[in-house]
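Visitor: structure.txt is reproduced in full below (compact mmCIF, C-alpha atoms and all ligand atoms).
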```txt
# COMPACT_ATOMS: atom_id res chain seq x y z
CA MET H 19 -40.44 37.85 26.41
CA LYS H 20 -37.58 35.48 27.15
CA THR H 21 -39.85 33.22 29.18
CA LYS H 22 -42.46 33.21 26.44
CA TYR H 23 -39.77 32.20 23.94
CA ALA H 24 -38.53 29.43 26.23
CA LEU H 25 -42.09 28.17 26.68
CA LEU H 26 -42.41 27.89 22.91
CA VAL H 27 -38.96 26.47 22.21
CA LEU H 28 -38.80 23.82 24.93
CA PRO H 29 -41.80 21.76 23.74
CA LEU H 30 -40.56 22.10 20.16
CA ALA H 31 -37.09 20.91 21.13
CA ALA H 32 -38.61 18.01 23.08
CA ALA H 33 -40.76 17.08 20.09
CA ALA H 34 -37.78 17.26 17.73
CA PHE H 35 -35.73 15.10 20.08
CA PHE H 36 -38.56 12.58 20.30
CA LEU H 37 -38.90 12.46 16.52
CA MET H 38 -35.14 12.12 16.02
CA GLY H 39 -35.11 9.17 18.37
CA ARG H 40 -37.88 7.53 16.40
CA MET H 41 -36.27 8.15 13.03
CA SER H 42 -34.60 4.99 11.77
CA ALA H 43 -34.24 2.83 8.69
CA GLU H 44 -37.51 1.15 9.60
CA ASN H 45 -39.70 4.25 9.61
CA HIS H 46 -38.00 6.46 7.04
CA ALA H 47 -41.24 6.35 5.06
CA GLN H 48 -42.58 8.77 7.67
CA LEU H 49 -40.16 11.48 6.63
CA ASN H 50 -41.63 14.62 5.16
CA PRO H 51 -41.43 14.20 1.34
CA LYS H 52 -39.36 17.38 0.95
CA THR H 53 -36.92 16.18 3.61
CA ALA H 54 -36.65 12.80 1.88
CA GLU H 55 -36.03 14.55 -1.46
CA ASN H 56 -33.39 16.80 0.09
CA LEU H 57 -31.68 13.79 1.68
CA SER H 58 -31.61 12.06 -1.70
CA ASN H 59 -30.19 15.14 -3.45
CA ALA H 60 -27.62 15.62 -0.71
CA MET H 61 -26.53 11.96 -0.97
CA HIS H 62 -26.11 12.29 -4.73
CA GLY H 63 -23.90 15.33 -4.14
CA GLU H 64 -21.82 13.61 -1.45
CA ALA H 65 -21.36 10.49 -3.59
CA PHE H 66 -20.27 12.59 -6.57
CA ALA H 67 -17.88 14.62 -4.41
CA TYR H 68 -16.34 11.40 -3.03
CA VAL H 69 -15.55 9.97 -6.45
CA LYS H 70 -14.48 13.33 -7.86
CA TYR H 71 -12.06 13.99 -4.98
CA MET H 72 -10.59 10.50 -5.37
CA LEU H 73 -9.92 11.25 -9.05
CA TYR H 74 -8.42 14.62 -8.06
CA ALA H 75 -6.25 12.76 -5.53
CA ASP H 76 -5.06 10.38 -8.28
CA HIS H 77 -4.14 13.36 -10.42
CA ALA H 78 -2.28 15.11 -7.59
CA ARG H 79 -0.38 11.90 -6.80
CA GLU H 80 0.54 11.41 -10.46
CA SER H 81 1.80 14.98 -10.65
CA GLY H 82 3.97 14.37 -7.58
CA ASN H 83 1.91 16.34 -5.03
CA GLU H 84 1.35 13.68 -2.37
CA GLN H 85 0.26 16.25 0.23
CA LEU H 86 -2.57 17.48 -2.01
CA ALA H 87 -3.49 13.86 -2.80
CA GLU H 88 -3.85 13.22 0.93
CA LEU H 89 -6.00 16.33 1.40
CA PHE H 90 -8.37 15.21 -1.38
CA THR H 91 -8.45 11.64 -0.03
CA ALA H 92 -9.16 12.73 3.55
CA ASN H 93 -12.04 14.96 2.48
CA ALA H 94 -13.37 12.33 0.08
CA ASN H 95 -13.52 9.87 2.96
CA THR H 96 -15.51 12.34 5.06
CA GLU H 97 -18.01 12.79 2.21
CA ARG H 98 -18.49 9.04 1.90
CA PHE H 99 -18.03 7.55 5.38
CA GLU H 100 -19.58 10.38 7.39
CA HIS H 101 -21.83 12.66 5.33
CA PHE H 102 -23.23 10.08 2.90
CA ALA H 103 -23.41 7.31 5.49
CA GLU H 104 -25.21 9.50 8.04
CA GLU H 105 -27.70 10.74 5.46
CA ALA H 106 -28.24 7.19 4.14
CA GLU H 107 -29.03 6.03 7.68
CA LEU H 108 -31.63 8.79 8.11
CA ALA H 109 -33.09 8.09 4.65
CA GLY H 110 -33.29 4.35 5.34
CA LEU H 111 -31.33 3.61 2.16
CA VAL H 112 -30.14 0.14 3.12
CA GLY H 113 -32.77 -2.58 3.57
CA SER H 114 -32.67 -6.37 3.60
CA ASP H 115 -30.40 -8.11 1.05
CA ALA H 116 -33.49 -8.97 -1.00
CA ASP H 117 -34.73 -5.37 -0.86
CA ASN H 118 -31.28 -4.07 -1.79
CA LEU H 119 -31.08 -6.48 -4.73
CA ARG H 120 -34.54 -5.44 -5.95
CA ASP H 121 -33.52 -1.79 -5.72
CA ALA H 122 -30.26 -2.48 -7.58
CA ILE H 123 -32.10 -4.44 -10.30
CA LYS H 124 -34.52 -1.54 -10.74
CA GLY H 125 -31.68 0.96 -11.15
CA GLU H 126 -29.61 -1.18 -13.52
CA THR H 127 -32.70 -2.00 -15.59
CA TRP H 128 -33.52 1.69 -15.93
CA GLU H 129 -29.96 2.48 -17.00
CA PHE H 130 -29.82 -0.45 -19.45
CA GLU H 131 -33.24 -0.10 -21.03
CA HIS H 132 -33.78 3.66 -20.99
CA MET H 133 -31.12 6.02 -19.66
CA TYR H 134 -28.00 4.87 -21.53
CA ALA H 135 -30.04 3.92 -24.61
CA ASP H 136 -31.41 7.48 -24.78
CA TYR H 137 -28.07 9.10 -23.92
CA ALA H 138 -26.24 7.08 -26.58
CA ALA H 139 -28.85 7.98 -29.22
CA GLN H 140 -28.72 11.68 -28.29
CA ALA H 141 -24.90 11.76 -28.35
CA ARG H 142 -24.89 9.96 -31.71
CA GLU H 143 -27.42 12.46 -33.04
CA ALA H 144 -25.29 15.37 -31.79
CA GLY H 145 -22.17 13.97 -33.44
CA ASP H 146 -20.42 13.16 -30.13
CA THR H 147 -19.43 9.73 -31.39
CA ALA H 148 -16.84 8.87 -28.70
CA VAL H 149 -19.38 9.62 -25.95
CA ALA H 150 -22.09 7.71 -27.82
CA ALA H 151 -19.81 4.66 -28.09
CA ARG H 152 -18.89 4.85 -24.39
CA PHE H 153 -22.56 5.18 -23.34
CA GLU H 154 -23.40 2.12 -25.42
CA GLU H 155 -20.54 0.10 -23.94
CA ILE H 156 -21.52 1.12 -20.41
CA ARG H 157 -25.15 0.25 -21.21
CA GLN H 158 -24.07 -3.32 -21.96
CA ASP H 159 -22.23 -3.45 -18.60
CA GLU H 160 -25.40 -2.30 -16.81
CA GLY H 161 -27.33 -5.11 -18.48
CA ARG H 162 -24.79 -7.59 -17.10
CA HIS H 163 -25.01 -5.97 -13.65
CA ARG H 164 -28.80 -6.36 -13.74
CA ASP H 165 -28.48 -10.03 -14.72
CA ALA H 166 -25.93 -10.71 -11.96
CA PHE H 167 -28.16 -9.06 -9.34
CA GLN H 168 -31.20 -10.94 -10.65
CA GLY H 169 -29.26 -14.20 -10.37
CA ALA H 170 -28.30 -13.37 -6.79
CA LEU H 171 -31.92 -12.53 -5.92
CA ASP H 172 -33.18 -15.78 -7.46
CA LYS H 173 -30.58 -17.71 -5.45
CA LEU H 174 -31.52 -15.89 -2.25
CA GLN H 175 -35.20 -16.66 -2.76
CA GLN H 176 -34.51 -20.35 -3.41
CA LYS H 177 -33.02 -20.78 0.07
CA PRO H 178 -35.12 -22.69 2.61
CA ALA H 179 -37.23 -20.36 4.79
CA SER H 180 -35.13 -21.30 7.85
CA GLU H 181 -32.09 -19.62 6.31
CA GLY H 182 -34.13 -16.48 5.70
CA ALA H 183 -34.43 -14.41 2.55
CA ASN H 184 -32.93 -11.27 3.98
FE FE H 201 -20.04 16.72 2.41
FE FE H 202 -24.17 -0.68 -12.95
```
In structure tokens, how does this file's structure come out?
Guide:
Amino acid sequence: MKTKYALLVLPLAAAAFFLMGRMSAENHAQLNPKTAENLSNAMHGEAFAYVKYMLYADHARESGNEQLAELFTANANTERFEHFAEEAELAGLVGSDADNLRDAIKGETWEFEHMYADYAAQAREAGDTAVAARFEEIRQDEGRHRDAFQGALDKLQQKPASEGAN
């Protein structure tokens, strides 16, 4: 029984090892769609935890609990610099500068044209006027972010080919 199990597990382990070795930013498109979705969800969670813990650390520091502030900061750094970074590597999140700018422009455009516009309207409709005003103000910031990224992309693409457009 044990031998049978080993015969089954060893080739699987070898295959997994082979696939892990091949997995990189360049071939992330080959990831199983569910795995890619889970990586994306996990990264959103890690990013949120990082920022949240940093805010908790600020609060602990302001209330005089430096030791708790350090605990939140240390764990926040693990979420960002280890968990998020490792998952981002496997997901192939970071591409060339031009690719990264195009991705950023897409996100900021979505936030400016749709997401914050809808959120502001819904908050206004619900009577949450302070939130509606904040969403609208943030929406304007996202529009400026989009324009800044677009400017940077235009500049990058104007460079002579020898300097590369990466
Ligand atoms: Fe984590
Ligand atoms: Fe933004």
Visitor: Counting only C-alpha atoms and all ligand atoms, which residue out of H:Leu49, H:Ala54, H:Ala151, H:Ala103 sits closest to ligand FE 201 (chain H)?
Guide: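 The closest residue to ligand FE 201 (chain H) is H:Ala103.
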Visitor: Compile the contact shell of range 139-143 of chain H as a PyMOL selection string: residues with an atom at most 9 Å away, counting only C-alpha atoms, same-chain residues fewer than 6 positions apart removed.
Guide: chain H and resi 149-151+153-154
Visitor: Convert the current residue selection to file output with C-alpha atoms, as a PDB file, in the coordinates of the input.
Guide:
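Writing done, so here's selection_2.pdb:
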```pdb
ATOM      1  CA  VAL H 149     -19.380   9.620 -25.950  1.00  0.00           C
ATOM      2  CA  ALA H 150     -22.090   7.710 -27.820  1.00  0.00           C
ATOM      3  CA  ALA H 151     -19.810   4.660 -28.090  1.00  0.00           C
ATOM      4  CA  PHE H 153     -22.560   5.180 -23.340  1.00  0.00           C
ATOM      5  CA  GLU H 154     -23.400   2.120 -25.420  1.00  0.00           C
TER       6      GLU H 154
END
```
Visitor: Give me, as a PyMOL selection string, the set of residues whose atoms come within 8 Å of any atom of ligand FE 202 (chain H), counting all atoms listed in the file.
Guide: chain H and resi 125-126+129+159-161+163-164
Visitor: Would you list the contacts of Leu86 in chain H as a VMD selection string, taking every protein, DNA or RNA residue within 12 Å and counting only C-alpha atoms, but skipping same-chain residues closer than 6 positions in sequence?
Guide: chain H and resid 71 to 80 92 to 93
Visitor: For ligand FE 201 (chain H), which residue out of H:Glu88, H:Asp115, H:Asp121, H:Glu105 is the nearest one, using only C-alpha atoms and all ligand atoms?
Guide: H:Glu105
Visitor: By how many Å are CA of Asp172 in chain H and CA of Glu131 in chain H apart?
Guide: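 CA of Glu131 in chain H lies at a distance of 20.7 Å from CA of Asp172 in chain H.
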Visitor: What is the CA of Gly63 in chain H-CA of Phe167 in chain H distance in Å, reported with one decimal?
Guide: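 Answer for the CA of Gly63 in chain H to CA of Phe167 in chain H separation: 25.3 Å.
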Visitor: Let me see if you get this right: every residue at most 10 Å from ligand FE 201 (chain H), counting only C-alpha atoms and all ligand atoms, written as a ChimeraX atom specification.
Guide: /H:60-61,63-68,93-102
Visitor: Reconstruct N, CA and C atoms of range 149-182 of chain H; output as an mmCIF file, in the frame of the given file.
Guide:
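Saved the output as out06.cif:
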```cif
data_model
loop_
_atom_site.group_PDB
_atom_site.id
_atom_site.type_symbol
_atom_site.label_atom_id
_atom_site.label_comp_id
_atom_site.auth_asym_id
_atom_site.auth_seq_id
_atom_site.Cartn_x
_atom_site.Cartn_y
_atom_site.Cartn_z
ATOM 1 N N VAL H 149 -18.487 9.702 -27.117
ATOM 2 C CA VAL H 149 -19.380 9.620 -25.950
ATOM 3 C C VAL H 149 -20.486 8.597 -26.226
ATOM 4 N N ALA H 150 -21.027 8.648 -27.438
ATOM 5 C CA ALA H 150 -22.090 7.710 -27.820
ATOM 6 C C ALA H 150 -21.597 6.267 -27.688
ATOM 7 N N ALA H 151 -20.377 6.016 -28.162
ATOM 8 C CA ALA H 151 -19.810 4.660 -28.090
ATOM 9 C C ALA H 151 -19.599 4.243 -26.638
ATOM 10 N N ARG H 152 -19.129 5.172 -25.810
ATOM 11 C CA ARG H 152 -18.890 4.850 -24.390
ATOM 12 C C ARG H 152 -20.210 4.570 -23.686
ATOM 13 N N PHE H 153 -21.232 5.398 -23.948
ATOM 14 C CA PHE H 153 -22.560 5.180 -23.340
ATOM 15 C C PHE H 153 -23.068 3.785 -23.716
ATOM 16 N N GLU H 154 -22.890 3.405 -24.971
ATOM 17 C CA GLU H 154 -23.400 2.120 -25.420
ATOM 18 C C GLU H 154 -22.651 0.967 -24.748
ATOM 19 N N GLU H 155 -21.337 1.138 -24.607
ATOM 20 C CA GLU H 155 -20.540 0.100 -23.940
ATOM 21 C C GLU H 155 -20.934 -0.026 -22.468
ATOM 22 N N ILE H 156 -21.109 1.120 -21.824
ATOM 23 C CA ILE H 156 -21.520 1.120 -20.410
ATOM 24 C C ILE H 156 -22.910 0.498 -20.271
ATOM 25 N N ARG H 157 -23.787 0.814 -21.225
ATOM 26 C CA ARG H 157 -25.150 0.250 -21.210
ATOM 27 C C ARG H 157 -25.104 -1.285 -21.162
ATOM 28 N N GLN H 158 -24.207 -1.856 -21.951
ATOM 29 C CA GLN H 158 -24.070 -3.320 -21.960
ATOM 30 C C GLN H 158 -23.608 -3.826 -20.589
ATOM 31 N N ASP H 159 -22.678 -3.085 -19.960
ATOM 32 C CA ASP H 159 -22.230 -3.450 -18.600
ATOM 33 C C ASP H 159 -23.407 -3.446 -17.633
ATOM 34 N N GLU H 160 -24.256 -2.416 -17.741
ATOM 35 C CA GLU H 160 -25.400 -2.300 -16.810
ATOM 36 C C GLU H 160 -26.356 -3.473 -16.989
ATOM 37 N N GLY H 161 -26.493 -3.926 -18.224
ATOM 38 C CA GLY H 161 -27.330 -5.110 -18.480
ATOM 39 C C GLY H 161 -26.764 -6.333 -17.771
ATOM 40 N N ARG H 162 -25.433 -6.457 -17.796
ATOM 41 C CA ARG H 162 -24.790 -7.590 -17.100
ATOM 42 C C ARG H 162 -24.915 -7.444 -15.586
ATOM 43 N N HIS H 163 -24.826 -6.197 -15.095
ATOM 44 C CA HIS H 163 -25.010 -5.970 -13.650
ATOM 45 C C HIS H 163 -26.416 -6.410 -13.237
ATOM 46 N N ARG H 164 -27.394 -5.987 -14.024
ATOM 47 C CA ARG H 164 -28.800 -6.360 -13.740
ATOM 48 C C ARG H 164 -28.939 -7.882 -13.680
ATOM 49 N N ASP H 165 -28.356 -8.570 -14.675
ATOM 50 C CA ASP H 165 -28.480 -10.030 -14.720
ATOM 51 C C ASP H 165 -27.809 -10.687 -13.504
ATOM 52 N N ALA H 166 -26.647 -10.149 -13.119
ATOM 53 C CA ALA H 166 -25.930 -10.710 -11.960
ATOM 54 C C ALA H 166 -26.747 -10.515 -10.682
ATOM 55 N N PHE H 167 -27.345 -9.327 -10.530
ATOM 56 C CA PHE H 167 -28.160 -9.060 -9.340
ATOM 57 C C PHE H 167 -29.417 -9.933 -9.353
ATOM 58 N N GLN H 168 -29.999 -10.100 -10.533
ATOM 59 C CA GLN H 168 -31.200 -10.940 -10.650
ATOM 60 C C GLN H 168 -30.863 -12.381 -10.263
ATOM 61 N N GLY H 169 -29.703 -12.856 -10.724
ATOM 62 C CA GLY H 169 -29.260 -14.200 -10.370
ATOM 63 C C GLY H 169 -29.092 -14.361 -8.865
ATOM 64 N N ALA H 170 -28.519 -13.336 -8.244
ATOM 65 C CA ALA H 170 -28.300 -13.370 -6.790
ATOM 66 C C ALA H 170 -29.632 -13.363 -6.044
ATOM 67 N N LEU H 171 -30.599 -12.590 -6.559
ATOM 68 C CA LEU H 171 -31.920 -12.530 -5.920
ATOM 69 C C LEU H 171 -32.632 -13.875 -6.054
ATOM 70 N N ASP H 172 -32.552 -14.471 -7.237
ATOM 71 C CA ASP H 172 -33.180 -15.780 -7.460
ATOM 72 C C ASP H 172 -32.597 -16.800 -6.491
ATOM 73 N N LYS H 173 -31.275 -16.773 -6.333
ATOM 74 C CA LYS H 173 -30.580 -17.710 -5.450
ATOM 75 C C LYS H 173 -31.018 -17.507 -3.999
ATOM 76 N N LEU H 174 -31.118 -16.248 -3.617
ATOM 77 C CA LEU H 174 -31.520 -15.890 -2.250
ATOM 78 C C LEU H 174 -32.926 -16.399 -1.952
ATOM 79 N N GLN H 175 -33.809 -16.276 -2.955
ATOM 80 C CA GLN H 175 -35.200 -16.660 -2.760
ATOM 81 C C GLN H 175 -35.415 -18.161 -2.822
ATOM 82 N N GLN H 176 -34.409 -18.885 -3.347
ATOM 83 C CA GLN H 176 -34.510 -20.350 -3.410
ATOM 84 C C GLN H 176 -34.126 -21.009 -2.096
ATOM 85 N N LYS H 177 -33.465 -20.220 -1.213
ATOM 86 C CA LYS H 177 -33.020 -20.780 0.070
ATOM 87 C C LYS H 177 -34.208 -21.209 0.908
ATOM 88 N N PRO H 178 -34.028 -22.290 1.714
ATOM 89 C CA PRO H 178 -35.120 -22.690 2.610
ATOM 90 C C PRO H 178 -35.473 -21.540 3.557
ATOM 91 N N ALA H 179 -36.740 -21.458 3.941
ATOM 92 C CA ALA H 179 -37.230 -20.360 4.790
ATOM 93 C C ALA H 179 -36.408 -20.213 6.047
ATOM 94 N N SER H 180 -35.887 -21.344 6.598
ATOM 95 C CA SER H 180 -35.130 -21.300 7.850
ATOM 96 C C SER H 180 -33.856 -20.465 7.720
ATOM 97 N N GLU H 181 -33.309 -20.397 6.508
ATOM 98 C CA GLU H 181 -32.090 -19.620 6.310
ATOM 99 C C GLU H 181 -32.426 -18.150 6.098
ATOM 100 N N GLY H 182 -33.699 -17.864 5.870
ATOM 101 C CA GLY H 182 -34.130 -16.480 5.700
ATOM 102 C C GLY H 182 -33.833 -15.964 4.318
#
```
